[in-house]
Amino acid sequence: MTESQDPATRPARPIIELRDVEKYYGDYYALRKISTTIRQGEFFSLLGPSGCGKTTLLRCIAGFEELSGGALLIDGRDMNGVPANNRPTNMVFQSYAIFPHLTVEENVGFGLRRDPGTKAEKAARVAEALEMVGLKGYGKRAAHALSGGQRQRVALARALILKPKVLLLDEPLSALDKKMREQMQSELRKLQRQVGITFILVTHDQEEALIMSDRIAVMFDGEIAQLDSPERLYRRPVSRKVAEFIGIMNFLPATVVEVGAEQVALDVGGLGRLSITAEQCPGGARTGTASVGFRPETMTLLFEGDPEPTRARVAEGKVTEVVYYGDMTYYEVLLDGVEKPIQISMRNVVGRPVLQRGQRTRVAWDPAALVLFG
Amino acid sequence: MKGRGFRIYAIAYLVFLYAPIVLLPIFAFNNSTIISFPLVGFTTKWFAALSDDTSLLLAVRHSLIVAVSVSILATTFGVFAARATTRYDFPAKGGIMGLIMLPLVLPDIIIAVALLGAFTNILGVSLNLFTVILGHTLIATPFTIAILNAAFQSLDRSLEEAAYDLGETKFSTFRLIILPLVAPGIISSMLIAFTISLDEYIIAAFLSGAGSATLPVYIFSQFRFPQRVPIIMALGTILVCLSVLLLTVAEYFRRRGIAKAGGKDTGGFL
């Protein structure tokens, strides 16, 4: 069977399998019975706040930490007892870990020391790796004289030259400034598609994870809270905690009145009686008190002269805060009958005024944008 | 003018420090056995006498054997201890390190008496160069640990992990990555241990048995004979020149090490 080069049509063969993976230090559980599968060729992110276990999990896959329980398989092979220097994984470290006493090409070619190839073959591979990361001609430079972005590229070339089955990236962009980071995000994504190697990225930056990943595992307290595509994660978070971690989510108190097979009837403070589909309850639904969430961009402020919305419903409230971002304006609006203001973001359009603080406003909203949290 | 007082103070301080040392070469070339002004005349005979003095050359030989052994032993122990404290956690780490560093503040005379008692009365070992080496290693090791700790601490742990991750073994990682990066620290440590041992008197006086006197012990014994003093001056002159040379070499390696690793120079001995 030949593998397709296009990740979209490549068969989803598992490259890493985690079975009840546990890691504890004394009484402290860093990882609690994690079971999941990472697919060959995907860009997979471990996202979570510091201390959630994402780096521990990455280090367990790399072989720097031993599992306390469970099993870890890479390409079908049990990694129990296999040390880091014998695993088909390579790592890009947060500090880049460039060997300061070596040149760029000595750094990149470091992993080839035990390779049986000739000197010329190795030199060609180093040159190829440097070209791949956009550092052609930098080979003879001293590694410590490079800029942050260049070090990052050297670290990437050094890890990729061994053609690992999985490339592990531990917060690789956190030390770069914003511009450089955004550039590297898109370059990393392109590079991953080009080489077809599975990338596992650890990050605490939800935006970075959304931009780069095929799938994201959101972790809290040593457990995976949700594993989904970036879009599903943003639109249908399974819990308030996940929703709060990814972007901005407004919450309104609600009461679940009736749970049907396809429809769920709710009473939402400030919005009134409505019904949503079961698909809008990713965490499940049962009658009683609950809350609904919606993203700031799913609600629209109605200006005078705007046509009456046909599909959406309308609520009323007062603008309590206005933050102008240039392309967008963020409003805080206190809906009638609600205690806490909600956030609404509006794209700024030519000819449309920005509302002022204290103004009354009408808000158009669509029940299809709501998510229910138990 | 403001700051004039400080300038006078600084000059007076430097004179106090170095004027006695300047006396060494002056009287080493003075054609008289009496150490006083006015000078009598120029001679190099004291240096000639120095090279003929077999018991003095033997003491130099002893001192070099001891100092080289101590620099190697104390630095080896220092590497182990520094590596252990900077990388691993173990029970009673603070207490153990405190005990290892204690000789730094313990009076040498106490160490000397204690070791003498232990060697001769308890263990029944006869005193020789080996006992001096042990004593000097004991007092030099805290210094080497202090120097090597700094060297190991500034080493990013990911560097080791990266080398290991790229297929090297623990041992080859140590050889290829850690050792080259801490090499300046190791050289500094060996030089310091060497210097500490070379000019140590009290422990050497207690622990060197008959016929194994080190240089400081021998020099002190020679001051009883006035006619020997100019020879000591000649010896002192040579030692000062060697010290300056040694420090220059050490500083050269230290700066080169920092430049090679791309670090920032935070000031060294010179």
# chains A, B, ... in the order shown; residues from 1 in each chain; ligands from 1
call {"tool": "closest_atom_pairs", "arguments": {"of": "chain A", "to": "chain B", "cutoff": "9 Å", "atoms": "only C-alpha atoms", "output": "Markdown table"}}
result
| residue | atom | partner | partner_atom | distance |
| --- | --- | --- | --- | --- |
| A:Ala62 | CA | B:Asp165 | CA | 7.7 |
| A:Gly63 | CA | B:Asp165 | CA | 8.4 |
| A:Phe64 | CA | B:Glu161 | CA | 7.7 |
| A:Pro83 | CA | B:Asp165 | CA | 8.9 |
| A:Ala84 | CA | B:Asp165 | CA | 5.4 |
| A:Asn85 | CA | B:Gly167 | CA | 4.2 |
| A:Asn86 | CA | B:Gly167 | CA | 6.5 |
| A:Arg87 | CA | B:Asp165 | CA | 8.1 |
| A:Thr89 | CA | B:Asp165 | CA | 7.8 |
| A:Asn90 | CA | B:Asp165 | CA | 6.1 |
| A:Met91 | CA | B:Asp165 | CA | 7.0 |
| A:Val92 | CA | B:Ala162 | CA | 8.1 |
| A:Phe93 | CA | B:Ser158 | CA | 6.9 |
| A:Gln94 | CA | B:Ser158 | CA | 8.5 |
| A:Ser95 | CA | B:Ser158 | CA | 7.3 |
| A:Tyr96 | CA | B:Ser158 | CA | 7.9 |
| A:Ala97 | CA | B:Leu159 | CA | 4.8 |
| A:Ile98 | CA | B:Leu159 | CA | 6.9 |
| A:Phe99 | CA | B:Leu159 | CA | 6.5 |
| A:Pro100 | CA | B:Ala261 | CA | 5.0 |
| A:His101 | CA | B:Ala261 | CA | 5.2 |
| A:Leu102 | CA | B:Ala261 | CA | 8.6 |
| A:Phe110 | CA | B:Leu166 | CA | 7.2 |
| A:Gly111 | CA | B:Leu166 | CA | 4.8 |
| A:Leu112 | CA | B:Leu166 | CA | 8.3 |
| A:Arg113 | CA | B:Glu168 | CA | 8.6 |
| A:Arg114 | CA | B:Gly167 | CA | 7.7 |
| A:Ala142 | CA | B:Lys260 | CA | 8.6 |
| A:Ala143 | CA | B:Gly262 | CA | 8.6 |
| A:His144 | CA | B:Gly262 | CA | 5.3 |
| A:Ala145 | CA | B:Gly262 | CA | 7.1 |
| A:Arg158 | CA | B:Leu166 | CA | 8.4 |
| A:Ala159 | CA | B:Leu166 | CA | 7.4 |
| A:Leu162 | CA | B:Leu166 | CA | 8.0 |
call {"tool": "write_last_selection", "arguments": {"atoms": "N, CA and C atoms", "output": "mmCIF file, in the first residue's frame"}}
result
data_model
loop_
_atom_site.group_PDB
_atom_site.id
_atom_site.type_symbol
_atom_site.label_atom_id
_atom_site.label_comp_id
_atom_site.auth_asym_id
_atom_site.auth_seq_id
_atom_site.Cartn_x
_atom_site.Cartn_y
_atom_site.Cartn_z
ATOM 1 N N ALA A 62 8.479 11.529 24.576
ATOM 2 C CA ALA A 62 9.884 11.648 24.161
ATOM 3 C C ALA A 62 10.764 10.623 24.861
ATOM 4 N N GLY A 63 10.332 10.185 26.050
ATOM 5 C CA GLY A 63 11.126 9.225 26.800
ATOM 6 C C GLY A 63 11.960 9.856 27.892
ATOM 7 N N PHE A 64 11.745 11.144 28.169
ATOM 8 C CA PHE A 64 12.489 11.789 29.254
ATOM 9 C C PHE A 64 11.876 11.457 30.604
ATOM 10 N N PRO A 83 14.582 3.941 25.990
ATOM 11 C CA PRO A 83 15.020 5.287 26.387
ATOM 12 C C PRO A 83 14.904 6.289 25.238
ATOM 13 N N ALA A 84 14.990 7.568 25.582
ATOM 14 C CA ALA A 84 14.774 8.651 24.610
ATOM 15 C C ALA A 84 15.694 8.533 23.399
ATOM 16 N N ASN A 85 16.923 8.053 23.606
ATOM 17 C CA ASN A 85 17.855 8.012 22.473
ATOM 18 C C ASN A 85 17.565 6.857 21.514
ATOM 19 N N ASN A 86 16.581 6.028 21.853
ATOM 20 C CA ASN A 86 16.202 4.930 20.952
ATOM 21 C C ASN A 86 14.786 5.057 20.432
ATOM 22 N N ARG A 87 14.151 6.192 20.676
ATOM 23 C CA ARG A 87 12.764 6.343 20.223
ATOM 24 C C ARG A 87 12.721 7.084 18.888
ATOM 25 N N THR A 89 11.369 9.523 17.928
ATOM 26 C CA THR A 89 10.837 10.870 18.132
ATOM 27 C C THR A 89 12.010 11.827 18.277
ATOM 28 N N ASN A 90 11.793 13.077 17.887
ATOM 29 C CA ASN A 90 12.781 14.111 18.172
ATOM 30 C C ASN A 90 12.058 15.336 18.678
ATOM 31 N N MET A 91 12.785 16.144 19.434
ATOM 32 C CA MET A 91 12.124 17.220 20.167
ATOM 33 C C MET A 91 12.731 18.575 19.824
ATOM 34 N N VAL A 92 11.871 19.571 19.756
ATOM 35 C CA VAL A 92 12.320 20.963 19.683
ATOM 36 C C VAL A 92 12.014 21.571 21.043
ATOM 37 N N PHE A 93 13.069 22.009 21.733
ATOM 38 C CA PHE A 93 12.909 22.448 23.114
ATOM 39 C C PHE A 93 12.491 23.902 23.189
ATOM 40 N N GLN A 94 11.851 24.230 24.314
ATOM 41 C CA GLN A 94 11.391 25.601 24.537
ATOM 42 C C GLN A 94 12.555 26.585 24.477
ATOM 43 N N SER A 95 13.691 26.187 25.056
ATOM 44 C CA SER A 95 14.877 27.063 25.038
ATOM 45 C C SER A 95 15.708 26.827 23.783
ATOM 46 N N TYR A 96 15.215 25.990 22.890
ATOM 47 C CA TYR A 96 15.879 25.568 21.638
ATOM 48 C C TYR A 96 17.043 24.623 21.888
ATOM 49 N N ALA A 97 17.757 24.778 23.044
ATOM 50 C CA ALA A 97 18.868 23.884 23.385
ATOM 51 C C ALA A 97 19.871 23.756 22.245
ATOM 52 N N ILE A 98 20.213 24.875 21.625
ATOM 53 C CA ILE A 98 21.265 24.879 20.606
ATOM 54 C C ILE A 98 22.601 24.725 21.322
ATOM 55 N N PHE A 99 23.448 23.805 20.835
ATOM 56 C CA PHE A 99 24.744 23.607 21.484
ATOM 57 C C PHE A 99 25.621 24.827 21.205
ATOM 58 N N PRO A 100 25.939 25.620 22.238
ATOM 59 C CA PRO A 100 26.557 26.920 21.987
ATOM 60 C C PRO A 100 28.001 26.839 21.497
ATOM 61 N N HIS A 101 28.660 25.693 21.737
ATOM 62 C CA HIS A 101 30.072 25.602 21.358
ATOM 63 C C HIS A 101 30.246 25.030 19.959
ATOM 64 N N LEU A 102 29.141 24.778 19.264
ATOM 65 C CA LEU A 102 29.227 24.205 17.920
ATOM 66 C C LEU A 102 28.700 25.203 16.889
ATOM 67 N N PHE A 110 24.307 17.027 14.280
ATOM 68 C CA PHE A 110 24.677 16.318 15.506
ATOM 69 C C PHE A 110 24.081 14.908 15.566
ATOM 70 N N GLY A 111 22.828 14.801 15.169
ATOM 71 C CA GLY A 111 22.148 13.504 15.232
ATOM 72 C C GLY A 111 22.670 12.495 14.222
ATOM 73 N N LEU A 112 23.491 12.955 13.262
ATOM 74 C CA LEU A 112 24.010 12.051 12.229
ATOM 75 C C LEU A 112 25.326 11.403 12.647
ATOM 76 N N ARG A 113 25.811 11.737 13.842
ATOM 77 C CA ARG A 113 27.092 11.190 14.288
ATOM 78 C C ARG A 113 27.143 9.671 14.197
ATOM 79 N N ARG A 114 26.034 9.041 14.518
ATOM 80 C CA ARG A 114 25.984 7.576 14.519
ATOM 81 C C ARG A 114 25.429 7.014 13.206
ATOM 82 N N ALA A 142 28.658 30.605 13.978
ATOM 83 C CA ALA A 142 28.624 30.127 15.365
ATOM 84 C C ALA A 142 27.180 30.168 15.836
ATOM 85 N N ALA A 143 26.748 29.081 16.478
ATOM 86 C CA ALA A 143 25.335 28.961 16.833
ATOM 87 C C ALA A 143 24.899 30.045 17.820
ATOM 88 N N HIS A 144 25.811 30.449 18.719
ATOM 89 C CA HIS A 144 25.390 31.407 19.742
ATOM 90 C C HIS A 144 25.222 32.816 19.190
ATOM 91 N N ALA A 145 25.649 33.033 17.931
ATOM 92 C CA ALA A 145 25.534 34.376 17.354
ATOM 93 C C ALA A 145 24.202 34.574 16.631
ATOM 94 N N ARG A 158 17.652 20.465 13.114
ATOM 95 C CA ARG A 158 18.391 19.448 13.849
ATOM 96 C C ARG A 158 17.487 18.267 14.218
ATOM 97 N N ALA A 159 16.228 18.585 14.563
ATOM 98 C CA ALA A 159 15.303 17.527 14.950
ATOM 99 C C ALA A 159 14.753 16.790 13.730
ATOM 100 N N LEU A 162 16.765 13.743 11.296
ATOM 101 C CA LEU A 162 16.731 12.297 11.579
ATOM 102 C C LEU A 162 15.451 11.645 11.070
#
call {"tool": "residues_around", "arguments": {"residues": "Phe143 of chain B", "least_positions_apart": "6", "cutoff": "8 Å", "atoms": "only C-alpha atoms", "output": "tab-separated table (two decimals) with C-alpha atoms, in the first residue's frame"}}
result
chain	number	residue	atom	x	y	z
B	104	LEU	CA	35.93	26.60	53.97
B	189	SER	CA	38.98	24.88	39.54
B	192	ILE	CA	42.63	27.36	42.30
B	193	ALA	CA	43.18	23.97	43.94
call {"tool": "select_by_dssp", "arguments": {"residues": "segment 9-190 of chain A", "states": "helix (DSSP H, G or I)", "output": "VMD selection string"}}
result
chain A and resid 54 to 62 84 to 86 104 to 108 110 to 112 119 to 132 143 to 145 148 to 160 178 to 190
call {"tool": "residues_around", "arguments": {"residues": "Val238 of chain A", "least_positions_apart": "4", "cutoff": "8 Å", "atoms": "only C-alpha atoms", "output": "count of residues only"}}
result
8
call {"tool": "atom_distance", "arguments": {"atom1": "atom CA of Ala150 of chain B", "atom2": "atom CA of Val132 of chain B"}}
result
27.9 Å
call {"tool": "residues_around", "arguments": {"residues": "segment 125-128 of chain B", "least_positions_apart": "6", "cutoff": "10 Å", "atoms": "only C-alpha atoms", "output": "MDAnalysis selection string"}}
result
chainID B and resid 116 118:119 204 206:213
call {"tool": "write_last_selection", "arguments": {"atoms": "C-alpha atoms", "output": "mmCIF file, in the first residue's frame"}}
result
data_model
loop_
_atom_site.group_PDB
_atom_site.id
_atom_site.type_symbol
_atom_site.label_atom_id
_atom_site.label_comp_id
_atom_site.auth_asym_id
_atom_site.auth_seq_id
_atom_site.Cartn_x
_atom_site.Cartn_y
_atom_site.Cartn_z
ATOM 1 C CA LEU B 116 47.267 14.414 62.556
ATOM 2 C CA ALA B 118 43.429 10.559 63.030
ATOM 3 C CA PHE B 119 46.371 9.521 60.847
ATOM 4 C CA ALA B 204 51.594 20.656 55.340
ATOM 5 C CA PHE B 206 51.622 18.980 60.545
ATOM 6 C CA LEU B 207 51.127 16.186 58.033
ATOM 7 C CA SER B 208 54.415 16.050 56.149
ATOM 8 C CA GLY B 209 56.658 13.612 57.928
ATOM 9 C CA ALA B 210 60.426 13.698 58.064
ATOM 10 C CA GLY B 211 61.943 14.145 54.602
ATOM 11 C CA SER B 212 58.706 15.118 52.879
ATOM 12 C CA ALA B 213 58.590 18.859 53.589
#
call {"tool": "atom_distance", "arguments": {"atom1": "atom CA of Gln263 of chain A", "atom2": "atom CA of Asn250 of chain A"}}
result
22.0 Å
call {"tool": "residues_around", "arguments": {"residues": "segment 320-326 of chain A", "least_positions_apart": "5", "cutoff": "12 Å", "atoms": "only C-alpha atoms", "output": "PyMOL selection string"}}
result
chain A and resi 331-335+340-350+353-361
call {"tool": "write_last_selection", "arguments": {"atoms": "C-alpha atoms", "output": "PDB file, in the first residue's frame"}}
result
ATOM      1  CA  TYR A 331     -19.077  46.426  23.383  1.00  0.00           C
ATOM      2  CA  GLU A 332     -20.220  45.476  26.822  1.00  0.00           C
ATOM      3  CA  VAL A 333     -23.992  45.410  26.878  1.00  0.00           C
ATOM      4  CA  LEU A 334     -26.245  44.957  29.896  1.00  0.00           C
ATOM      5  CA  LEU A 335     -29.309  43.122  28.638  1.00  0.00           C
ATOM      6  CA  LYS A 340     -23.853  40.861  34.311  1.00  0.00           C
ATOM      7  CA  PRO A 341     -22.962  42.617  31.046  1.00  0.00           C
ATOM      8  CA  ILE A 342     -22.147  40.485  28.001  1.00  0.00           C
ATOM      9  CA  GLN A 343     -19.477  41.118  25.367  1.00  0.00           C
ATOM     10  CA  ILE A 344     -20.402  41.704  21.766  1.00  0.00           C
ATOM     11  CA  SER A 345     -17.877  42.301  18.995  1.00  0.00           C
ATOM     12  CA  MET A 346     -18.800  44.157  15.821  1.00  0.00           C
ATOM     13  CA  ARG A 347     -16.775  44.553  12.656  1.00  0.00           C
ATOM     14  CA  ASN A 348     -16.389  48.272  11.959  1.00  0.00           C
ATOM     15  CA  VAL A 349     -18.052  49.208   8.693  1.00  0.00           C
ATOM     16  CA  VAL A 350     -17.705  52.481   6.780  1.00  0.00           C
ATOM     17  CA  PRO A 353     -21.249  54.953  13.775  1.00  0.00           C
ATOM     18  CA  VAL A 354     -19.644  53.482  16.886  1.00  0.00           C
ATOM     19  CA  LEU A 355     -22.155  53.417  19.724  1.00  0.00           C
ATOM     20  CA  GLN A 356     -21.430  55.442  22.848  1.00  0.00           C
ATOM     21  CA  ARG A 357     -21.417  54.375  26.450  1.00  0.00           C
ATOM     22  CA  GLY A 358     -24.857  54.701  28.077  1.00  0.00           C
ATOM     23  CA  GLN A 359     -26.808  54.378  24.812  1.00  0.00           C
ATOM     24  CA  ARG A 360     -29.802  52.045  24.615  1.00  0.00           C
ATOM     25  CA  THR A 361     -29.440  49.394  21.944  1.00  0.00           C
TER      26      THR A 361
END
call {"tool": "select_by_dssp", "arguments": {"residues": "segment 87-276 of chain A", "states": "strand (DSSP E)", "output": "MDAnalysis selection string"}}
result
chainID A and resid 89:92 166:170 198:203 215:220 223:228 250:259 263:268 272:276
call {"tool": "residues_around", "arguments": {"residues": "segment 24-35 of chain B", "least_positions_apart": "4", "cutoff": "12 Å", "atoms": "only C-alpha atoms", "output": "PDB file with N, CA and C atoms, in the first residue's frame"}}
result
ATOM      1  N   TYR B  18      51.636  45.811  47.444  1.00  0.00           N
ATOM      2  CA  TYR B  18      52.654  45.313  46.516  1.00  0.00           C
ATOM      3  C   TYR B  18      54.086  45.724  46.836  1.00  0.00           C
ATOM      4  N   ALA B  19      54.278  46.748  47.686  1.00  0.00           N
ATOM      5  CA  ALA B  19      55.644  47.173  47.992  1.00  0.00           C
ATOM      6  C   ALA B  19      56.485  46.027  48.577  1.00  0.00           C
ATOM      7  N   PRO B  20      55.947  45.241  49.533  1.00  0.00           N
ATOM      8  CA  PRO B  20      56.763  44.144  50.072  1.00  0.00           C
ATOM      9  C   PRO B  20      57.169  43.143  48.997  1.00  0.00           C
ATOM     10  N   LEU B  39      71.603  49.310  49.058  1.00  0.00           N
ATOM     11  CA  LEU B  39      71.974  48.116  48.316  1.00  0.00           C
ATOM     12  C   LEU B  39      73.481  48.108  48.097  1.00  0.00           C
ATOM     13  N   VAL B  40      74.033  46.908  48.033  1.00  0.00           N
ATOM     14  CA  VAL B  40      75.495  46.780  47.951  1.00  0.00           C
ATOM     15  C   VAL B  40      75.967  46.650  46.506  1.00  0.00           C
ATOM     16  N   GLY B  41      75.340  45.795  45.745  1.00  0.00           N
ATOM     17  CA  GLY B  41      75.776  45.618  44.349  1.00  0.00           C
ATOM     18  C   GLY B  41      74.964  44.528  43.692  1.00  0.00           C
ATOM     19  N   PHE B  42      75.056  44.440  42.356  1.00  0.00           N
ATOM     20  CA  PHE B  42      74.239  43.492  41.605  1.00  0.00           C
ATOM     21  C   PHE B  42      74.906  42.119  41.545  1.00  0.00           C
ATOM     22  N   THR B  43      74.104  41.077  41.736  1.00  0.00           N
ATOM     23  CA  THR B  43      74.644  39.720  41.617  1.00  0.00           C
ATOM     24  C   THR B  43      73.532  38.765  41.214  1.00  0.00           C
ATOM     25  N   THR B  44      73.892  37.654  40.584  1.00  0.00           N
ATOM     26  CA  THR B  44      72.921  36.595  40.299  1.00  0.00           C
ATOM     27  C   THR B  44      73.309  35.332  41.048  1.00  0.00           C
ATOM     28  N   LYS B  45      74.223  35.502  42.014  1.00  0.00           N
ATOM     29  CA  LYS B  45      74.739  34.298  42.667  1.00  0.00           C
ATOM     30  C   LYS B  45      73.689  33.576  43.496  1.00  0.00           C
ATOM     31  N   TRP B  46      72.697  34.310  43.994  1.00  0.00           N
ATOM     32  CA  TRP B  46      71.653  33.648  44.805  1.00  0.00           C
ATOM     33  C   TRP B  46      70.833  32.686  43.940  1.00  0.00           C
ATOM     34  N   PHE B  47      70.624  33.100  42.694  1.00  0.00           N
ATOM     35  CA  PHE B  47      69.883  32.203  41.783  1.00  0.00           C
ATOM     36  C   PHE B  47      70.708  30.961  41.478  1.00  0.00           C
ATOM     37  N   ALA B  48      72.037  31.181  41.342  1.00  0.00           N
ATOM     38  CA  ALA B  48      72.923  30.040  41.088  1.00  0.00           C
ATOM     39  C   ALA B  48      72.911  29.092  42.289  1.00  0.00           C
ATOM     40  N   ALA B  49      72.963  29.695  43.500  1.00  0.00           N
ATOM     41  CA  ALA B  49      72.950  28.885  44.721  1.00  0.00           C
ATOM     42  C   ALA B  49      71.646  28.096  44.823  1.00  0.00           C
ATOM     43  N   LEU B  50      70.590  28.744  44.367  1.00  0.00           N
ATOM     44  CA  LEU B  50      69.262  28.121  44.388  1.00  0.00           C
ATOM     45  C   LEU B  50      69.264  26.810  43.599  1.00  0.00           C
ATOM     46  N   PHE B 225      68.393  30.526  59.377  1.00  0.00           N
ATOM     47  CA  PHE B 225      69.788  30.748  58.960  1.00  0.00           C
ATOM     48  C   PHE B 225      69.849  32.007  58.111  1.00  0.00           C
ATOM     49  N   PRO B 226      70.399  33.135  58.673  1.00  0.00           N
ATOM     50  CA  PRO B 226      70.382  34.430  57.977  1.00  0.00           C
ATOM     51  C   PRO B 226      71.022  34.357  56.593  1.00  0.00           C
ATOM     52  N   GLN B 227      72.060  33.558  56.434  1.00  0.00           N
ATOM     53  CA  GLN B 227      72.740  33.541  55.138  1.00  0.00           C
ATOM     54  C   GLN B 227      71.881  32.893  54.049  1.00  0.00           C
ATOM     55  N   ARG B 228      70.796  32.220  54.445  1.00  0.00           N
ATOM     56  CA  ARG B 228      69.921  31.563  53.465  1.00  0.00           C
ATOM     57  C   ARG B 228      68.853  32.526  52.931  1.00  0.00           C
ATOM     58  N   VAL B 229      68.670  33.649  53.645  1.00  0.00           N
ATOM     59  CA  VAL B 229      67.545  34.522  53.303  1.00  0.00           C
ATOM     60  C   VAL B 229      67.584  35.036  51.860  1.00  0.00           C
ATOM     61  N   PRO B 230      68.734  35.505  51.337  1.00  0.00           N
ATOM     62  CA  PRO B 230      68.724  35.985  49.944  1.00  0.00           C
ATOM     63  C   PRO B 230      68.330  34.889  48.949  1.00  0.00           C
ATOM     64  N   ILE B 231      68.673  33.646  49.264  1.00  0.00           N
ATOM     65  CA  ILE B 231      68.278  32.542  48.368  1.00  0.00           C
ATOM     66  C   ILE B 231      66.750  32.403  48.339  1.00  0.00           C
ATOM     67  N   ILE B 232      66.147  32.574  49.539  1.00  0.00           N
ATOM     68  CA  ILE B 232      64.675  32.531  49.624  1.00  0.00           C
ATOM     69  C   ILE B 232      64.076  33.675  48.801  1.00  0.00           C
ATOM     70  N   MET B 233      64.733  34.826  48.869  1.00  0.00           N
ATOM     71  CA  MET B 233      64.275  35.978  48.079  1.00  0.00           C
ATOM     72  C   MET B 233      64.305  35.645  46.580  1.00  0.00           C
ATOM     73  N   ALA B 234      65.357  34.995  46.160  1.00  0.00           N
ATOM     74  CA  ALA B 234      65.475  34.603  44.750  1.00  0.00           C
ATOM     75  C   ALA B 234      64.360  33.635  44.380  1.00  0.00           C
ATOM     76  N   LEU B 235      64.125  32.687  45.285  1.00  0.00           N
ATOM     77  CA  LEU B 235      63.045  31.715  45.061  1.00  0.00           C
ATOM     78  C   LEU B 235      61.695  32.438  44.970  1.00  0.00           C
ATOM     79  N   GLY B 236      61.488  33.415  45.913  1.00  0.00           N
ATOM     80  CA  GLY B 236      60.249  34.187  45.925  1.00  0.00           C
ATOM     81  C   GLY B 236      60.041  34.924  44.614  1.00  0.00           C
ATOM     82  N   THR B 237      61.127  35.484  44.073  1.00  0.00           N
ATOM     83  CA  THR B 237      61.034  36.203  42.798  1.00  0.00           C
ATOM     84  C   THR B 237      60.531  35.277  41.690  1.00  0.00           C
ATOM     85  N   ILE B 238      61.106  34.084  41.650  1.00  0.00           N
ATOM     86  CA  ILE B 238      60.686  33.126  40.616  1.00  0.00           C
ATOM     87  C   ILE B 238      59.215  32.761  40.797  1.00  0.00           C
ATOM     88  N   LEU B 239      58.810  32.555  42.053  1.00  0.00           N
ATOM     89  CA  LEU B 239      57.417  32.163  42.316  1.00  0.00           C
ATOM     90  C   LEU B 239      56.439  33.265  41.913  1.00  0.00           C
ATOM     91  N   VAL B 240      56.813  34.528  42.174  1.00  0.00           N
ATOM     92  CA  VAL B 240      55.930  35.643  41.790  1.00  0.00           C
ATOM     93  C   VAL B 240      55.747  35.655  40.277  1.00  0.00           C
ATOM     94  N   CYS B 241      56.870  35.491  39.542  1.00  0.00           N
ATOM     95  CA  CYS B 241      56.771  35.482  38.077  1.00  0.00           C
ATOM     96  C   CYS B 241      55.878  34.341  37.595  1.00  0.00           C
TER      97      CYS B 241
END
call {"tool": "closest_residue", "arguments": {"among": "B:Leu215, B:Val249, B:Leu115, B:Leu242", "to": "Leu57 of chain B", "atoms": "only C-alpha atoms"}}
result
B:Leu215
call {"tool": "closest_residue", "arguments": {"among": "A:Leu176, A:Val108, A:Leu227, A:Ala364", "to": "Pro307 of chain A", "atoms": "only C-alpha atoms"}}
result
A:Ala364
call {"tool": "atom_distance", "arguments": {"atom1": "atom CA of Arg286 of chain A", "atom2": "atom CA of Arg235 of chain A"}}
result
20.5 Å
call {"tool": "decode", "arguments": {"residues": "segment 284-294 of chain A", "atoms": "N, CA and C atoms", "output": "short mmCIF file (atom, residue, chain, number, x, y, z; two decimals), in the first residue's frame"}}
result
data_model
loop_
_atom_site.label_atom_id
_atom_site.label_comp_id
_atom_site.auth_asym_id
_atom_site.auth_seq_id
_atom_site.Cartn_x
_atom_site.Cartn_y
_atom_site.Cartn_z
N GLY A 284 -24.02 17.23 27.03
CA GLY A 284 -25.25 16.58 27.48
C GLY A 284 -26.21 17.58 28.11
N ALA A 285 -27.47 17.17 28.32
CA ALA A 285 -28.47 18.06 28.91
C ALA A 285 -29.37 17.30 29.86
N ARG A 286 -29.69 17.92 30.97
CA ARG A 286 -30.72 17.37 31.86
C ARG A 286 -31.46 18.55 32.48
N THR A 287 -32.72 18.30 32.87
CA THR A 287 -33.55 19.41 33.34
C THR A 287 -32.99 19.97 34.65
N GLY A 288 -33.23 21.27 34.84
CA GLY A 288 -32.72 21.95 36.04
C GLY A 288 -31.91 23.17 35.65
N THR A 289 -31.19 23.75 36.64
CA THR A 289 -30.42 24.96 36.34
C THR A 289 -29.18 24.61 35.52
N ALA A 290 -28.84 25.52 34.63
CA ALA A 290 -27.71 25.33 33.72
C ALA A 290 -27.25 26.71 33.27
N SER A 291 -26.38 26.75 32.28
CA SER A 291 -26.05 28.05 31.70
C SER A 291 -25.88 27.87 30.20
N VAL A 292 -26.11 28.95 29.46
CA VAL A 292 -25.85 28.89 28.03
C VAL A 292 -24.70 29.85 27.73
N GLY A 293 -23.92 29.51 26.71
CA GLY A 293 -22.82 30.37 26.31
C GLY A 293 -22.95 30.74 24.84
N PHE A 294 -22.36 31.90 24.51
CA PHE A 294 -22.29 32.28 23.10
C PHE A 294 -21.09 33.18 22.90
#
